[in-house]
>>> print(open('entry-v3.cif').read())   # mmCIF, C-alpha atoms and all ligand atoms
data_entry
loop_
_atom_site.group_PDB
_atom_site.id
_atom_site.type_symbol
_atom_site.label_atom_id
_atom_site.label_comp_id
_atom_site.auth_asym_id
_atom_site.auth_seq_id
_atom_site.Cartn_x
_atom_site.Cartn_y
_atom_site.Cartn_z
ATOM 1 C CA MET A 1 4.657 -25.795 8.674
ATOM 2 C CA VAL A 2 7.614 -27.289 6.825
ATOM 3 C CA LYS A 3 6.190 -30.782 7.255
ATOM 4 C CA ASP A 4 2.795 -29.607 5.962
ATOM 5 C CA LEU A 5 4.341 -27.872 2.960
ATOM 6 C CA LYS A 6 6.248 -30.996 1.972
ATOM 7 C CA GLU A 7 3.183 -33.168 2.443
ATOM 8 C CA LEU A 8 1.038 -30.817 0.377
ATOM 9 C CA VAL A 9 3.469 -31.067 -2.538
ATOM 10 C CA GLN A 10 3.492 -34.868 -2.259
ATOM 11 C CA TRP A 11 -0.300 -34.967 -2.386
ATOM 12 C CA HIS A 12 -0.612 -32.520 -5.265
ATOM 13 C CA PRO A 13 2.468 -32.869 -7.487
ATOM 14 C CA GLU A 14 0.420 -31.895 -10.562
ATOM 15 C CA ILE A 15 -0.012 -28.308 -9.344
ATOM 16 C CA ALA A 16 2.181 -27.761 -6.283
ATOM 17 C CA SER A 17 5.927 -27.263 -5.975
ATOM 18 C CA LEU A 18 8.179 -26.015 -3.219
ATOM 19 C CA GLU A 19 11.414 -24.052 -3.306
ATOM 20 C CA SER A 20 13.612 -22.245 -0.839
ATOM 21 C CA ILE A 21 14.081 -18.577 -1.701
ATOM 22 C CA GLY A 22 16.825 -18.021 0.863
ATOM 23 C CA LYS A 23 17.737 -18.514 4.488
ATOM 24 C CA SER A 24 16.971 -16.587 7.640
ATOM 25 C CA VAL A 25 19.689 -15.094 9.887
ATOM 26 C CA ASP A 26 19.677 -18.301 11.968
ATOM 27 C CA GLY A 27 19.760 -20.494 8.869
ATOM 28 C CA ARG A 28 16.116 -21.535 8.503
ATOM 29 C CA GLU A 29 14.883 -22.039 4.949
ATOM 30 C CA LEU A 30 12.463 -19.448 3.575
ATOM 31 C CA TYR A 31 9.904 -21.417 1.606
ATOM 32 C CA ALA A 32 7.811 -20.466 -1.380
ATOM 33 C CA LEU A 33 4.998 -22.793 -2.418
ATOM 34 C CA LYS A 34 3.758 -22.514 -5.980
ATOM 35 C CA LEU A 35 0.181 -23.556 -6.676
ATOM 36 C CA GLY A 36 -1.164 -23.573 -10.209
ATOM 37 C CA THR A 37 0.050 -24.131 -13.748
ATOM 38 C CA GLY A 38 -0.916 -20.840 -15.366
ATOM 39 C CA LYS A 39 1.381 -18.095 -16.528
ATOM 40 C CA GLU A 40 -0.124 -15.155 -14.626
ATOM 41 C CA GLU A 41 1.554 -14.974 -11.236
ATOM 42 C CA VAL A 42 0.441 -13.502 -7.904
ATOM 43 C CA LEU A 43 2.159 -13.530 -4.515
ATOM 44 C CA VAL A 44 0.662 -14.067 -1.072
ATOM 45 C CA ASN A 45 3.012 -13.766 1.907
ATOM 46 C CA ALA A 46 2.657 -13.886 5.686
ATOM 47 C CA SER A 47 4.519 -13.477 8.973
ATOM 48 C CA HIS A 48 6.907 -10.661 8.134
ATOM 49 C CA HIS A 49 6.179 -9.836 11.781
ATOM 50 C CA ALA A 50 6.911 -12.508 14.369
ATOM 51 C CA ARG A 51 3.934 -12.167 16.705
ATOM 52 C CA GLU A 52 1.545 -12.080 13.722
ATOM 53 C CA HIS A 53 2.066 -15.785 13.060
ATOM 54 C CA MET A 54 -1.620 -16.602 12.700
ATOM 55 C CA THR A 55 -1.264 -15.128 9.220
ATOM 56 C CA THR A 56 0.822 -18.202 8.357
ATOM 57 C CA ASN A 57 -2.083 -20.455 9.301
ATOM 58 C CA VAL A 58 -4.453 -18.425 7.110
ATOM 59 C CA VAL A 59 -2.163 -18.706 4.101
ATOM 60 C CA MET A 60 -1.426 -22.412 4.675
ATOM 61 C CA GLU A 61 -5.157 -23.102 4.880
ATOM 62 C CA MET A 62 -5.644 -21.327 1.553
ATOM 63 C CA ALA A 63 -2.972 -23.479 -0.089
ATOM 64 C CA ASP A 64 -4.413 -26.692 1.368
ATOM 65 C CA GLN A 65 -8.020 -25.973 0.414
ATOM 66 C CA TYR A 66 -7.250 -24.579 -3.057
ATOM 67 C CA ALA A 67 -5.152 -27.672 -3.840
ATOM 68 C CA HIS A 68 -7.981 -29.946 -2.727
ATOM 69 C CA LEU A 69 -10.569 -27.985 -4.721
ATOM 70 C CA TYR A 70 -8.347 -28.140 -7.781
ATOM 71 C CA LYS A 71 -8.185 -31.922 -7.551
ATOM 72 C CA THR A 72 -11.938 -32.338 -6.958
ATOM 73 C CA ASN A 73 -12.869 -29.562 -9.406
ATOM 74 C CA GLY A 74 -14.791 -27.899 -6.603
ATOM 75 C CA ARG A 75 -15.777 -24.314 -6.032
ATOM 76 C CA MET A 76 -15.193 -21.867 -3.241
ATOM 77 C CA ASN A 77 -17.749 -19.071 -2.936
ATOM 78 C CA GLY A 78 -18.476 -19.391 -6.647
ATOM 79 C CA TYR A 79 -14.840 -19.442 -7.789
ATOM 80 C CA SER A 80 -13.874 -22.409 -9.951
ATOM 81 C CA VAL A 81 -10.501 -23.048 -8.374
ATOM 82 C CA GLN A 82 -9.315 -25.456 -11.054
ATOM 83 C CA SER A 83 -10.035 -23.200 -14.001
ATOM 84 C CA ILE A 84 -8.400 -20.227 -12.237
ATOM 85 C CA LEU A 85 -5.278 -22.224 -11.290
ATOM 86 C CA LYS A 86 -4.913 -23.440 -14.873
ATOM 87 C CA LYS A 87 -4.521 -19.826 -15.988
ATOM 88 C CA THR A 88 -2.609 -18.538 -12.970
ATOM 89 C CA SER A 89 -0.051 -19.544 -10.374
ATOM 90 C CA ILE A 90 -0.255 -18.408 -6.776
ATOM 91 C CA TYR A 91 3.054 -18.216 -4.922
ATOM 92 C CA PHE A 92 2.719 -18.479 -1.162
ATOM 93 C CA VAL A 93 5.538 -17.422 1.145
ATOM 94 C CA PRO A 94 3.810 -18.473 4.356
ATOM 95 C CA MET A 95 6.526 -17.409 6.799
ATOM 96 C CA VAL A 96 8.924 -14.600 5.872
ATOM 97 C CA ASN A 97 10.300 -14.447 9.428
ATOM 98 C CA PRO A 98 10.721 -18.007 10.794
ATOM 99 C CA ASP A 99 13.352 -17.000 13.392
ATOM 100 C CA GLY A 100 11.028 -14.350 14.821
ATOM 101 C CA VAL A 101 8.010 -16.646 14.852
ATOM 102 C CA SER A 102 10.078 -19.324 16.602
ATOM 103 C CA LEU A 103 11.173 -16.756 19.182
ATOM 104 C CA VAL A 104 7.561 -15.800 19.927
ATOM 105 C CA GLN A 105 6.399 -19.402 20.094
ATOM 106 C CA LEU A 106 9.376 -21.137 21.734
ATOM 107 C CA GLY A 107 11.353 -18.391 23.466
ATOM 108 C CA ALA A 108 15.069 -17.581 23.523
ATOM 109 C CA LYS A 109 16.121 -21.228 23.282
ATOM 110 C CA SER A 110 15.007 -21.182 19.635
ATOM 111 C CA ALA A 111 17.663 -18.591 18.751
ATOM 112 C CA LYS A 112 21.312 -19.312 17.983
ATOM 113 C CA ASN A 113 22.353 -16.398 20.195
ATOM 114 C CA LYS A 114 20.100 -16.528 23.255
ATOM 115 C CA ALA A 115 21.892 -13.803 25.187
ATOM 116 C CA ALA A 116 21.598 -11.380 22.277
ATOM 117 C CA VAL A 117 17.821 -11.775 21.879
ATOM 118 C CA ILE A 118 17.195 -11.414 25.612
ATOM 119 C CA LYS A 119 19.301 -8.235 25.624
ATOM 120 C CA ILE A 120 17.337 -6.780 22.687
ATOM 121 C CA ASN A 121 14.165 -7.728 24.555
ATOM 122 C CA GLY A 122 15.219 -5.547 27.497
ATOM 123 C CA GLY A 123 16.142 -8.544 29.652
ATOM 124 C CA LYS A 124 12.701 -10.142 29.369
ATOM 125 C CA THR A 125 12.318 -13.823 28.499
ATOM 126 C CA ASN A 126 8.713 -13.417 27.291
ATOM 127 C CA PHE A 127 8.837 -12.729 23.546
ATOM 128 C CA SER A 128 5.087 -12.595 22.818
ATOM 129 C CA ALA A 129 5.256 -8.929 21.730
ATOM 130 C CA TRP A 130 8.247 -9.432 19.390
ATOM 131 C CA LYS A 131 7.795 -8.374 15.738
ATOM 132 C CA ALA A 132 11.360 -8.205 14.410
ATOM 133 C CA ASN A 133 13.711 -10.837 13.005
ATOM 134 C CA VAL A 134 16.198 -12.488 15.356
ATOM 135 C CA ARG A 135 18.618 -9.547 15.018
ATOM 136 C CA GLY A 136 15.977 -7.057 16.158
ATOM 137 C CA VAL A 137 15.283 -5.596 12.718
ATOM 138 C CA ASP A 138 11.692 -5.005 11.615
ATOM 139 C CA LEU A 139 11.472 -6.815 8.273
ATOM 140 C CA ASN A 140 8.590 -4.683 7.095
ATOM 141 C CA ARG A 141 10.755 -1.557 7.409
ATOM 142 C CA GLN A 142 13.505 -2.946 5.230
ATOM 143 C CA TYR A 143 12.338 -2.381 1.670
ATOM 144 C CA PRO A 144 13.679 0.426 -0.524
ATOM 145 C CA ALA A 145 10.550 2.621 -0.689
ATOM 146 C CA THR A 146 11.294 5.960 1.015
ATOM 147 C CA TRP A 147 13.402 3.917 3.476
ATOM 148 C CA SER A 148 15.502 6.892 4.558
ATOM 149 C CA THR A 149 12.500 8.770 5.960
ATOM 150 C CA ILE A 150 10.711 5.946 7.818
ATOM 151 C CA CYS A 151 9.101 7.351 10.919
ATOM 152 C CA CYS A 152 9.613 6.366 14.546
ATOM 153 C CA ASN A 153 12.818 4.381 14.115
ATOM 154 C CA PRO A 154 14.392 3.405 17.465
ATOM 155 C CA GLY A 155 17.889 3.508 15.886
ATOM 156 C CA LYS A 156 19.055 0.213 17.366
ATOM 157 C CA PRO A 157 17.940 -3.430 17.422
ATOM 158 C CA SER A 158 14.529 -3.643 19.083
ATOM 159 C CA PRO A 159 11.592 -6.043 19.384
ATOM 160 C CA GLN A 160 9.803 -3.824 16.870
ATOM 161 C CA ASN A 161 10.207 -0.847 14.515
ATOM 162 C CA TYR A 162 14.004 -0.789 14.010
ATOM 163 C CA LYS A 163 14.503 -0.332 10.269
ATOM 164 C CA GLY A 164 18.046 -1.741 10.229
ATOM 165 C CA PRO A 165 21.401 -0.186 9.268
ATOM 166 C CA LYS A 166 20.370 0.015 5.613
ATOM 167 C CA ALA A 167 17.546 -1.130 3.336
ATOM 168 C CA LEU A 168 17.653 -4.893 2.688
ATOM 169 C CA SER A 169 20.350 -5.480 5.316
ATOM 170 C CA GLU A 170 18.433 -8.566 6.467
ATOM 171 C CA PRO A 171 18.494 -11.829 4.481
ATOM 172 C CA GLU A 172 14.734 -12.392 4.865
ATOM 173 C CA ALA A 173 13.821 -9.047 3.258
ATOM 174 C CA LYS A 174 16.523 -9.466 0.622
ATOM 175 C CA ALA A 175 15.142 -12.907 -0.255
ATOM 176 C CA MET A 176 11.645 -11.463 -0.745
ATOM 177 C CA TYR A 177 13.073 -8.614 -2.809
ATOM 178 C CA ASP A 178 15.097 -10.919 -5.078
ATOM 179 C CA PHE A 179 12.231 -13.401 -5.421
ATOM 180 C CA THR A 180 9.864 -10.602 -6.435
ATOM 181 C CA LEU A 181 12.292 -9.228 -9.019
ATOM 182 C CA LYS A 182 12.778 -12.715 -10.489
ATOM 183 C CA HIS A 183 9.045 -12.977 -11.110
ATOM 184 C CA SER A 184 6.414 -10.839 -12.716
ATOM 185 C CA PHE A 185 3.697 -10.778 -10.068
ATOM 186 C CA LYS A 186 0.501 -9.103 -11.208
ATOM 187 C CA ALA A 187 -0.615 -8.500 -7.629
ATOM 188 C CA SER A 188 0.522 -9.221 -4.081
ATOM 189 C CA ALA A 189 -1.015 -9.547 -0.647
ATOM 190 C CA ALA A 190 1.038 -9.325 2.546
ATOM 191 C CA TYR A 191 -0.741 -10.714 5.580
ATOM 192 C CA HIS A 192 -0.349 -9.015 8.961
ATOM 193 C CA SER A 193 -2.285 -8.631 12.211
ATOM 194 C CA SER A 194 -4.241 -6.946 13.712
ATOM 195 C CA GLY A 195 -7.032 -4.405 13.210
ATOM 196 C CA GLN A 196 -9.256 -5.599 10.318
ATOM 197 C CA ILE A 197 -7.899 -2.967 7.938
ATOM 198 C CA ILE A 198 -6.355 -2.994 4.466
ATOM 199 C CA PHE A 199 -3.500 -0.806 3.238
ATOM 200 C CA TRP A 200 -3.450 -0.513 -0.535
ATOM 201 C CA HIS A 201 -2.132 2.952 -1.380
ATOM 202 C CA PHE A 202 1.439 4.195 -1.787
ATOM 203 C CA HIS A 203 1.726 7.318 -3.922
ATOM 204 C CA GLN A 204 -0.025 5.824 -6.974
ATOM 205 C CA SER A 205 -2.371 8.098 -8.895
ATOM 206 C CA GLY A 206 -4.594 8.215 -11.983
ATOM 207 C CA ALA A 207 -5.494 4.939 -13.682
ATOM 208 C CA ARG A 208 -3.237 2.889 -11.398
ATOM 209 C CA LYS A 209 -4.964 4.297 -8.334
ATOM 210 C CA THR A 210 -8.390 3.487 -9.779
ATOM 211 C CA ARG A 211 -7.303 -0.048 -10.727
ATOM 212 C CA ASP A 212 -5.765 -0.738 -7.318
ATOM 213 C CA TYR A 213 -8.715 0.758 -5.449
ATOM 214 C CA THR A 214 -11.091 -1.519 -7.393
ATOM 215 C CA ILE A 215 -9.228 -4.634 -6.223
ATOM 216 C CA ALA A 216 -8.846 -3.317 -2.679
ATOM 217 C CA LYS A 217 -12.599 -2.668 -2.571
ATOM 218 C CA LYS A 218 -13.342 -6.261 -3.632
ATOM 219 C CA ILE A 219 -11.117 -7.548 -0.837
ATOM 220 C CA SER A 220 -12.738 -5.146 1.599
ATOM 221 C CA ASN A 221 -16.196 -6.363 0.552
ATOM 222 C CA LYS A 222 -15.199 -9.989 1.083
ATOM 223 C CA THR A 223 -13.372 -9.569 4.405
ATOM 224 C CA GLY A 224 -15.445 -6.751 5.852
ATOM 225 C CA TYR A 225 -12.154 -4.970 6.640
ATOM 226 C CA SER A 226 -11.919 -1.191 6.133
ATOM 227 C CA LEU A 227 -9.686 0.392 3.519
ATOM 228 C CA VAL A 228 -7.122 2.746 5.016
ATOM 229 C CA ALA A 229 -7.530 6.154 3.375
ATOM 230 C CA PRO A 230 -4.626 7.256 1.140
ATOM 231 C CA ARG A 231 -2.172 9.543 2.918
ATOM 232 C CA SER A 232 0.057 12.028 1.140
ATOM 233 C CA ASN A 233 3.042 11.110 3.301
ATOM 234 C CA PRO A 234 2.969 7.393 4.225
ATOM 235 C CA SER A 235 5.949 6.112 6.217
ATOM 236 C CA GLY A 236 7.253 3.546 3.699
ATOM 237 C CA GLY A 237 9.717 0.664 3.909
ATOM 238 C CA GLY A 238 7.057 -2.048 3.833
ATOM 239 C CA TYR A 239 6.911 -4.878 1.323
ATOM 240 C CA THR A 240 3.622 -3.600 -0.059
ATOM 241 C CA ASP A 241 4.942 -0.024 -0.327
ATOM 242 C CA TRP A 242 7.910 -1.230 -2.321
ATOM 243 C CA PHE A 243 5.829 -3.615 -4.439
ATOM 244 C CA ILE A 244 3.405 -0.850 -5.435
ATOM 245 C CA GLN A 245 6.204 1.599 -6.150
ATOM 246 C CA ASN A 246 8.568 -0.757 -7.956
ATOM 247 C CA GLU A 247 6.312 -3.270 -9.713
ATOM 248 C CA LYS A 248 3.545 -0.738 -10.369
ATOM 249 C CA LYS A 249 0.950 -3.422 -9.659
ATOM 250 C CA PRO A 250 -1.685 -3.658 -6.941
ATOM 251 C CA GLY A 251 -0.234 -4.558 -3.539
ATOM 252 C CA LEU A 252 -2.221 -5.001 -0.350
ATOM 253 C CA THR A 253 -1.387 -5.297 3.306
ATOM 254 C CA ILE A 254 -4.235 -7.131 4.985
ATOM 255 C CA GLU A 255 -4.470 -6.891 8.783
ATOM 256 C CA ILE A 256 -6.494 -9.835 10.079
ATOM 257 C CA SER A 257 -8.320 -10.038 13.404
ATOM 258 C CA PRO A 258 -10.000 -7.487 15.637
ATOM 259 C CA TYR A 259 -7.339 -5.296 17.214
ATOM 260 C CA VAL A 260 -5.521 -7.288 19.919
ATOM 261 C CA GLY A 261 -2.618 -5.012 20.902
ATOM 262 C CA ASN A 262 1.019 -6.141 21.077
ATOM 263 C CA ARG A 263 0.503 -9.891 21.076
ATOM 264 C CA PRO A 264 -0.354 -12.841 18.844
ATOM 265 C CA VAL A 265 -3.947 -13.172 17.692
ATOM 266 C CA PRO A 266 -5.781 -15.532 20.081
ATOM 267 C CA ILE A 267 -6.572 -18.860 18.415
ATOM 268 C CA ILE A 268 -10.289 -18.429 19.160
ATOM 269 C CA TYR A 269 -10.472 -15.894 16.306
ATOM 270 C CA PHE A 270 -9.181 -18.296 13.673
ATOM 271 C CA SER A 271 -12.454 -19.660 12.294
ATOM 272 C CA SER A 272 -14.000 -16.223 11.733
ATOM 273 C CA ILE A 273 -10.748 -14.936 10.203
ATOM 274 C CA TRP A 274 -10.650 -17.915 7.887
ATOM 275 C CA LYS A 275 -14.213 -17.256 6.670
ATOM 276 C CA GLN A 276 -13.328 -13.622 6.013
ATOM 277 C CA ASN A 277 -10.159 -14.476 4.070
ATOM 278 C CA ASN A 278 -10.641 -17.920 2.484
ATOM 279 C CA THR A 279 -11.060 -16.714 -1.112
ATOM 280 C CA ILE A 280 -8.527 -13.866 -1.091
ATOM 281 C CA GLY A 281 -5.738 -15.798 -2.842
ATOM 282 C CA ILE A 282 -8.043 -17.097 -5.552
ATOM 283 C CA LEU A 283 -9.753 -13.701 -5.881
ATOM 284 C CA LEU A 284 -6.377 -12.055 -6.454
ATOM 285 C CA ALA A 285 -5.411 -14.701 -9.031
ATOM 286 C CA ASN A 286 -8.773 -14.338 -10.780
ATOM 287 C CA GLU A 287 -8.196 -10.587 -11.105
ATOM 288 C CA THR A 288 -5.181 -11.228 -13.331
ATOM 289 C CA ILE A 289 -7.263 -13.138 -15.905
ATOM 290 C CA LYS A 290 -8.551 -10.731 -18.483
HETATM 291 ZN ZN ZN A 301 2.690 -6.624 10.790
#
>>> encode(input="entry-v3.cif", output="structure tokens")
Amino acid sequence: MVKDLKELVQWHPEIASLESIGKSVDGRELYALKLGTGKEEVLVNASHHAREHMTTNVVMEMADQYAHLYKTNGRMNGYSVQSILKKTSIYFVPMVNPDGVSLVQLGAKSAKNKAAVIKINGGKTNFSAWKANVRGVDLNRQYPATWSTICCNPGKPSPQNYKGPKALSEPEAKAMYDFTLKHSFKASAAYHSSGQIIFWHFHQSGARKTRDYTIAKKISNKTGYSLVAPRSNPSGGGYTDWFIQNEKKPGLTIEISPYVGNRPVPIIYFSSIWKQNNTIGILLANETIK
């Protein structure tokens, strides 16, 4: 991924740039790729959860194809990518949790502290069900949006669901938080797997609810994924929850793939997932142009 990001920027210096927004627990860079020259900004992120690493491929494919379509002045499903990216900039954070993804893909040898990750994993050396960062904290239960009342918290480092000792205790979540506050994103999409559903609601009401529902519906129409009905008491702590609450802009959590249980999405699903999601970044950017 890092090699591809650097190559993409070399190929498309006129619209693409790369920065590190922080480092993971084990010292891996957390990359943000900017695509576009316009002033309206949107954010697309992926792989908060380790085993959901196919989301990184979806987001990287978006960046690659949008950059190519910009250069060739081509269209994707009717969207003029060049004219949209002249008015907007899409920021991609394709892998929020590189330590966790490495653990799922490469096993304990990828971690600085092998013994610690095996212990958190209950002695098992198969990490395919792991969601957390390398310290066993669930990065999508780290954000300060009703953090204190997050449901079903195991209370100690775990392969999934542990919310950490305090909100933003983990450098990966803190990096996303700081990066978001530094910018003025008009919308955000956080990619997860699985289930073919879209979360879009977190306590917003009135005109904001109508606005956010309208965008969520467009994404639902494109992907075919169902919108999760608003609940009066959602658990909280997720990036999207915090984004909606704090930035007061539309935020979406998009769960790719048919439901596959506690494991990575099988590669065989990629081409259908790509067709369902290829325009989502450009759709989101286009929504900010009024
Ligand atoms: Zn997830």
>>> resolve_selection(input="entry-v3.cif", expression="the PyMOL selection byres (((chain A and resi 104) around 7) and not hetatm)", output="PyMOL selection string")
chain A and resi 50-51+100-103+105-107+127-128+130
>>> resolve_selection(input="entry-v3.cif", expression="the PyMOL selection byres (((chain A and resi 160) around 8) and not hetatm)", output="VMD selection string")
chain A and resid 130 to 132 136 to 138 158 to 159 161 to 162
>>> resolve_selection(input="entry-v3.cif", expression="the PyMOL selection byres (((chain A and resi 153) around 12) and not hetatm)", output="PyMOL selection string")
chain A and resi 137-138+141-142+147-152+154-165+235-237
>>> write_last_selection(input="entry-v3.cif", atoms="C-alpha atoms", output="CSV table (one decimal), keeping the file's coordinate frame")
chain,number,residue,atom,x,y,z
A,137,VAL,CA,15.3,-5.6,12.7
A,138,ASP,CA,11.7,-5.0,11.6
A,141,ARG,CA,10.8,-1.6,7.4
A,142,GLN,CA,13.5,-2.9,5.2
A,147,TRP,CA,13.4,3.9,3.5
A,148,SER,CA,15.5,6.9,4.6
A,149,THR,CA,12.5,8.8,6.0
A,150,ILE,CA,10.7,5.9,7.8
A,151,CYS,CA,9.1,7.4,10.9
A,152,CYS,CA,9.6,6.4,14.5
A,154,PRO,CA,14.4,3.4,17.5
A,155,GLY,CA,17.9,3.5,15.9
A,156,LYS,CA,19.1,0.2,17.4
A,157,PRO,CA,17.9,-3.4,17.4
A,158,SER,CA,14.5,-3.6,19.1
A,159,PRO,CA,11.6,-6.0,19.4
A,160,GLN,CA,9.8,-3.8,16.9
A,161,ASN,CA,10.2,-0.8,14.5
A,162,TYR,CA,14.0,-0.8,14.0
A,163,LYS,CA,14.5,-0.3,10.3
A,164,GLY,CA,18.0,-1.7,10.2
A,165,PRO,CA,21.4,-0.2,9.3
A,235,SER,CA,5.9,6.1,6.2
A,236,GLY,CA,7.3,3.5,3.7
A,237,GLY,CA,9.7,0.7,3.9
>>> atom_distance(input="entry-v3.cif", atom1="CA of Gln276 (chain A)", atom2="CA of Glu19 (chain A)")
28.4 Å
>>> residues_near_ligand(input="entry-v3.cif", ligand="ligand ZN 301 (chain A)", cutoff="9 Å", atoms="all atoms listed in the file", output="ChimeraX atom specification")
/A:46-52,131,140,190-194,253,255
>>> closest_residue(input="entry-v3.cif", among="A:Lys217, A:Arg231, A:Arg208, A:Arg263", to="Glu247 (chain A)", atoms="all atoms listed in the file")
A:Arg208
>>> atom_distance(input="entry-v3.cif", atom1="CA of Glu41 (chain A)", atom2="CA of Lys86 (chain A)")
11.3 Å
>>> closest_residue(input="entry-v3.cif", among="A:Lys222, A:Lys186, A:His12, A:Lys249", to="Asn77 (chain A)", atoms="only C-alpha atoms")
A:Lys222
>>> closest_residue(input="entry-v3.cif", among="A:Ser169, A:Thr146, A:Gln196, A:Asn286", to="Asp241 (chain A)", atoms="only C-alpha atoms")
A:Thr146
>>> residues_around(input="entry-v3.cif", residues="Pro250 (chain A)", least_positions_apart="6", cutoff="9 Å", atoms="only C-alpha atoms", output="MDAnalysis selection string")
chainID A and resid 186:189 200:201 208:209 211:213 215:216 240 243:244
>>> atom_distance(input="entry-v3.cif", atom1="CA of Ala67 (chain A)", atom2="CA of Val81 (chain A)")
8.4 Å
>>> closest_residue(input="entry-v3.cif", among="A:Ser272, A:Lys174, A:Met62, A:Leu252", to="Ser24 (chain A)", atoms="all atoms listed in the file")
A:Lys174
>>> residues_around(input="entry-v3.cif", residues="Asn45 (chain A)", least_positions_apart="3", cutoff="6 Å", atoms="only C-alpha atoms", output="PyMOL selection string")
chain A and resi 92-94+190
>>> residues_near_point(input="entry-v3.cif", point="(13.4, -6.9, -1.2)", cutoff="10 Å", atoms="all atoms listed in the file", output="list in words")
Leu139, Asn140, Gln142, Tyr143, Pro144, Ala145, Ala167, Leu168, Ser169, Glu170, Pro171, Glu172, Ala173, Lys174, Ala175, Met176, Tyr177, Asp178, Phe179, Thr180, Leu181, Gly237, Gly238, Tyr239, Trp242 and Phe243 of chain A
>>> axis_aligned_box(input="entry-v3.cif", around="region 117-125 of chain A", padding_each_side="6 Å", output="lines of an AutoDock Vina configuration file")
center_x = 15.8
center_y = -9.7
center_z = 25.8
size_x = 19.0
size_y = 20.3
size_z = 19.8
>>> residues_around(input="entry-v3.cif", residues="Lys218 (chain A)", least_positions_apart="5", cutoff="10 Å", atoms="only C-alpha atoms", output="list in words")
Tyr213, Thr223, Gly224, Ile280, Leu283 and Leu284 of chain A
>>> residues_around(input="entry-v3.cif", residues="Tyr269 (chain A)", least_positions_apart="3", cutoff="12 Å", atoms="only C-alpha atoms", output="ChimeraX atom specification")
/A:54-55,57-58,193-194,196,256-260,264-266,272-276
>>> residues_around(input="entry-v3.cif", residues="Val117 (chain A)", least_positions_apart="5", cutoff="8 Å", atoms="all atoms listed in the file", output="PDB file with C-alpha atoms, in the frame of the given file")
ATOM      1  CA  ALA A 108      15.069 -17.581  23.523  1.00  0.00           C
ATOM      2  CA  ALA A 111      17.663 -18.591  18.751  1.00  0.00           C
ATOM      3  CA  VAL A 134      16.198 -12.488  15.356  1.00  0.00           C
ATOM      4  CA  ARG A 135      18.618  -9.547  15.018  1.00  0.00           C
ATOM      5  CA  GLY A 136      15.977  -7.057  16.158  1.00  0.00           C
TER       6      GLY A 136
END
>>> closest_residue(input="entry-v3.cif", among="A:Met60, A:Ile282, A:Ile198, A:Leu18", to="Tyr225 (chain A)", atoms="all atoms listed in the file")
A:Ile198
>>> closest_residue(input="entry-v3.cif", among="A:Phe270, A:His203, A:Ala285, A:Gly261", to="Lys248 (chain A)", atoms="all atoms listed in the file")
A:His203
>>> build_atoms(input="entry-v3.cif", residues="region 35-44 of chain A", atoms="N, CA, C and O atoms", output="PDB file, keeping the file's coordinate frame")
ATOM      1  N   LEU A  35       1.410 -22.805  -6.453  1.00  0.00           N
ATOM      2  CA  LEU A  35       0.181 -23.556  -6.676  1.00  0.00           C
ATOM      3  C   LEU A  35      -0.435 -23.067  -7.983  1.00  0.00           C
ATOM      4  O   LEU A  35      -0.762 -21.886  -8.106  1.00  0.00           O
ATOM      5  N   GLY A  36      -0.572 -23.976  -8.936  1.00  0.00           N
ATOM      6  CA  GLY A  36      -1.164 -23.573 -10.209  1.00  0.00           C
ATOM      7  C   GLY A  36      -0.206 -23.835 -11.348  1.00  0.00           C
ATOM      8  O   GLY A  36       1.004 -23.999 -11.141  1.00  0.00           O
ATOM      9  N   THR A  37      -0.767 -23.856 -12.567  1.00  0.00           N
ATOM     10  CA  THR A  37       0.050 -24.131 -13.748  1.00  0.00           C
ATOM     11  C   THR A  37      -0.029 -22.996 -14.764  1.00  0.00           C
ATOM     12  O   THR A  37       0.533 -23.087 -15.849  1.00  0.00           O
ATOM     13  N   GLY A  38      -0.727 -21.932 -14.418  1.00  0.00           N
ATOM     14  CA  GLY A  38      -0.916 -20.840 -15.366  1.00  0.00           C
ATOM     15  C   GLY A  38       0.231 -19.849 -15.381  1.00  0.00           C
ATOM     16  O   GLY A  38       1.079 -19.860 -14.488  1.00  0.00           O
ATOM     17  N   LYS A  39       0.234 -18.993 -16.393  1.00  0.00           N
ATOM     18  CA  LYS A  39       1.381 -18.095 -16.528  1.00  0.00           C
ATOM     19  C   LYS A  39       1.244 -16.793 -15.742  1.00  0.00           C
ATOM     20  O   LYS A  39       2.253 -16.175 -15.399  1.00  0.00           O
ATOM     21  N   GLU A  40       0.025 -16.384 -15.430  1.00  0.00           N
ATOM     22  CA  GLU A  40      -0.124 -15.155 -14.626  1.00  0.00           C
ATOM     23  C   GLU A  40       0.198 -15.457 -13.168  1.00  0.00           C
ATOM     24  O   GLU A  40      -0.368 -16.382 -12.584  1.00  0.00           O
ATOM     25  N   GLU A  41       1.089 -14.663 -12.581  1.00  0.00           N
ATOM     26  CA  GLU A  41       1.554 -14.974 -11.236  1.00  0.00           C
ATOM     27  C   GLU A  41       1.107 -13.923 -10.217  1.00  0.00           C
ATOM     28  O   GLU A  41       1.152 -12.723 -10.497  1.00  0.00           O
ATOM     29  N   VAL A  42       0.703 -14.405  -9.034  1.00  0.00           N
ATOM     30  CA  VAL A  42       0.441 -13.502  -7.904  1.00  0.00           C
ATOM     31  C   VAL A  42       1.182 -14.056  -6.682  1.00  0.00           C
ATOM     32  O   VAL A  42       1.542 -15.233  -6.640  1.00  0.00           O
ATOM     33  N   LEU A  43       1.404 -13.164  -5.716  1.00  0.00           N
ATOM     34  CA  LEU A  43       2.159 -13.530  -4.515  1.00  0.00           C
ATOM     35  C   LEU A  43       1.325 -13.271  -3.266  1.00  0.00           C
ATOM     36  O   LEU A  43       0.710 -12.205  -3.143  1.00  0.00           O
ATOM     37  N   VAL A  44       1.303 -14.257  -2.380  1.00  0.00           N
ATOM     38  CA  VAL A  44       0.662 -14.067  -1.072  1.00  0.00           C
ATOM     39  C   VAL A  44       1.712 -14.419  -0.013  1.00  0.00           C
ATOM     40  O   VAL A  44       2.263 -15.520  -0.042  1.00  0.00           O
TER      41      VAL A  44
END
